[in-house]
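Visitor: Encoded as structure tokens, here's the structure I'll be asking about.
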Amino acid sequence: MSAPAPTANGAADSRDPSGFLSEIIGAPVTVKLNSGVTYKGELQSVDGYMNIALEQTKEFVDGKLRRSYGDAFVRGNNVMYISADS
């Protein structure tokens, strides 16, 4: 079995999710929960259970800003996805 072919930047096409998450620590992210609520903030940590710590967090419900938090902690079983913001 062969390894995935590298892309133009040298990374494999299918990246390990934990590798991706460790690369974006300190970066702005969007975290969408199974409930539909979205959090945007600076990713501080993620563990093996997808528990997430964010700083400078904003909570959006139905696309509208609902609250702002200094720090927020999200339990991993509630996370639908994490997206790196540009």
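Every chain in the structure tokens takes a letter, A first, then B, and so on in the order presented; its residues are numbered from 1, and the ligands are numbered from 1 following the presented order.
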Where does segment 50-71 of chain A meet segment 24-38 of chain A within 9 Å, residue by residue, with the nearest atom pair and distance in Å to one decimal for each, counting only C-alpha atoms, listed by chain and rising number, as CSV?

Guide:
residue,atom,partner,partner_atom,distance
A:Ile52,CA,A:Val31,CA,9.0
A:Leu54,CA,A:Val29,CA,8.7
A:Lys58,CA,A:Thr38,CA,8.3
A:Glu59,CA,A:Thr38,CA,5.9
A:Phe60,CA,A:Thr38,CA,5.1
A:Val61,CA,A:Val37,CA,5.1
A:Asp62,CA,A:Val37,CA,7.3
A:Gly63,CA,A:Thr38,CA,8.0

Visitor: Looking only at strand (DSSP E or B) from DSSP on the backbone, list the matching residues of chain A as a VMD selection string.

Guide: chain A and resid 6 12 28 to 33 38 to 46 52 to 61 64 to 74 79 to 84

Visitor: Can you spit out the residues from that selection as an mmCIF file, in the first residue's frame, using C-alpha atoms?

Guide:
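The file below, out_12.cif, is the result:
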data_model
loop_
_atom_site.group_PDB
_atom_site.id
_atom_site.type_symbol
_atom_site.label_atom_id
_atom_site.label_comp_id
_atom_site.auth_asym_id
_atom_site.auth_seq_id
_atom_site.Cartn_x
_atom_site.Cartn_y
_atom_site.Cartn_z
ATOM 1 C CA PRO A 6 2.004 14.979 -1.544
ATOM 2 C CA ALA A 12 -0.328 14.608 2.183
ATOM 3 C CA PRO A 28 -9.106 32.061 14.829
ATOM 4 C CA VAL A 29 -11.602 29.230 14.356
ATOM 5 C CA THR A 30 -15.311 28.578 13.944
ATOM 6 C CA VAL A 31 -16.801 25.762 16.005
ATOM 7 C CA LYS A 32 -20.299 24.592 15.068
ATOM 8 C CA LEU A 33 -22.235 22.517 17.578
ATOM 9 C CA THR A 38 -21.708 28.596 16.382
ATOM 10 C CA TYR A 39 -18.714 29.856 18.360
ATOM 11 C CA LYS A 40 -15.939 31.957 16.882
ATOM 12 C CA GLY A 41 -12.743 32.579 18.791
ATOM 13 C CA GLU A 42 -9.056 31.861 19.153
ATOM 14 C CA LEU A 43 -8.317 28.147 19.577
ATOM 15 C CA GLN A 44 -6.290 27.543 22.746
ATOM 16 C CA SER A 45 -6.438 23.775 23.096
ATOM 17 C CA VAL A 46 -8.091 20.587 21.891
ATOM 18 C CA ILE A 52 -12.122 22.716 23.028
ATOM 19 C CA ALA A 53 -10.875 25.826 24.824
ATOM 20 C CA LEU A 54 -11.409 29.166 23.067
ATOM 21 C CA GLU A 55 -10.457 32.746 23.946
ATOM 22 C CA GLN A 56 -12.148 35.969 22.790
ATOM 23 C CA THR A 57 -15.228 33.908 21.978
ATOM 24 C CA LYS A 58 -18.405 35.082 20.312
ATOM 25 C CA GLU A 59 -21.585 32.977 20.311
ATOM 26 C CA PHE A 60 -23.868 33.099 17.264
ATOM 27 C CA VAL A 61 -27.420 31.743 17.178
ATOM 28 C CA LYS A 64 -26.809 36.627 14.974
ATOM 29 C CA LEU A 65 -24.336 37.539 17.702
ATOM 30 C CA ARG A 66 -25.861 36.484 21.000
ATOM 31 C CA ARG A 67 -23.038 36.783 23.566
ATOM 32 C CA SER A 68 -19.336 37.459 23.897
ATOM 33 C CA TYR A 69 -17.155 35.509 26.333
ATOM 34 C CA GLY A 70 -13.564 35.895 27.438
ATOM 35 C CA ASP A 71 -12.950 32.145 27.619
ATOM 36 C CA ALA A 72 -15.228 29.316 26.541
ATOM 37 C CA PHE A 73 -14.957 25.573 26.955
ATOM 38 C CA VAL A 74 -16.900 23.258 24.667
ATOM 39 C CA VAL A 79 -18.964 19.523 18.261
ATOM 40 C CA MET A 80 -20.147 19.053 14.677
ATOM 41 C CA TYR A 81 -17.029 20.628 13.131
ATOM 42 C CA ILE A 82 -14.079 22.965 13.639
ATOM 43 C CA SER A 83 -13.059 25.251 10.797
ATOM 44 C CA ALA A 84 -9.930 27.410 10.590
#

Visitor: Could you find all residues in chain A that DSSP calls alpha helix (DSSP H) from the backbone, and write them as number ranges by chain?

Guide: A: 17-23

Visitor: Write the residues of the preceding selection, restricted to C-alpha atoms, as a PDB file, in the first residue's frame.

Guide:
ATOM      1  CA  PRO A  17      -7.156  15.613  12.073  1.00  0.00           C
ATOM      2  CA  SER A  18      -5.053  15.864  15.241  1.00  0.00           C
ATOM      3  CA  GLY A  19      -2.146  17.209  13.172  1.00  0.00           C
ATOM      4  CA  PHE A  20      -4.404  19.818  11.584  1.00  0.00           C
ATOM      5  CA  LEU A  21      -5.772  20.878  14.977  1.00  0.00           C
ATOM      6  CA  SER A  22      -2.311  21.204  16.507  1.00  0.00           C
ATOM      7  CA  GLU A  23      -1.275  23.412  13.558  1.00  0.00           C
TER       8      GLU A  23
END
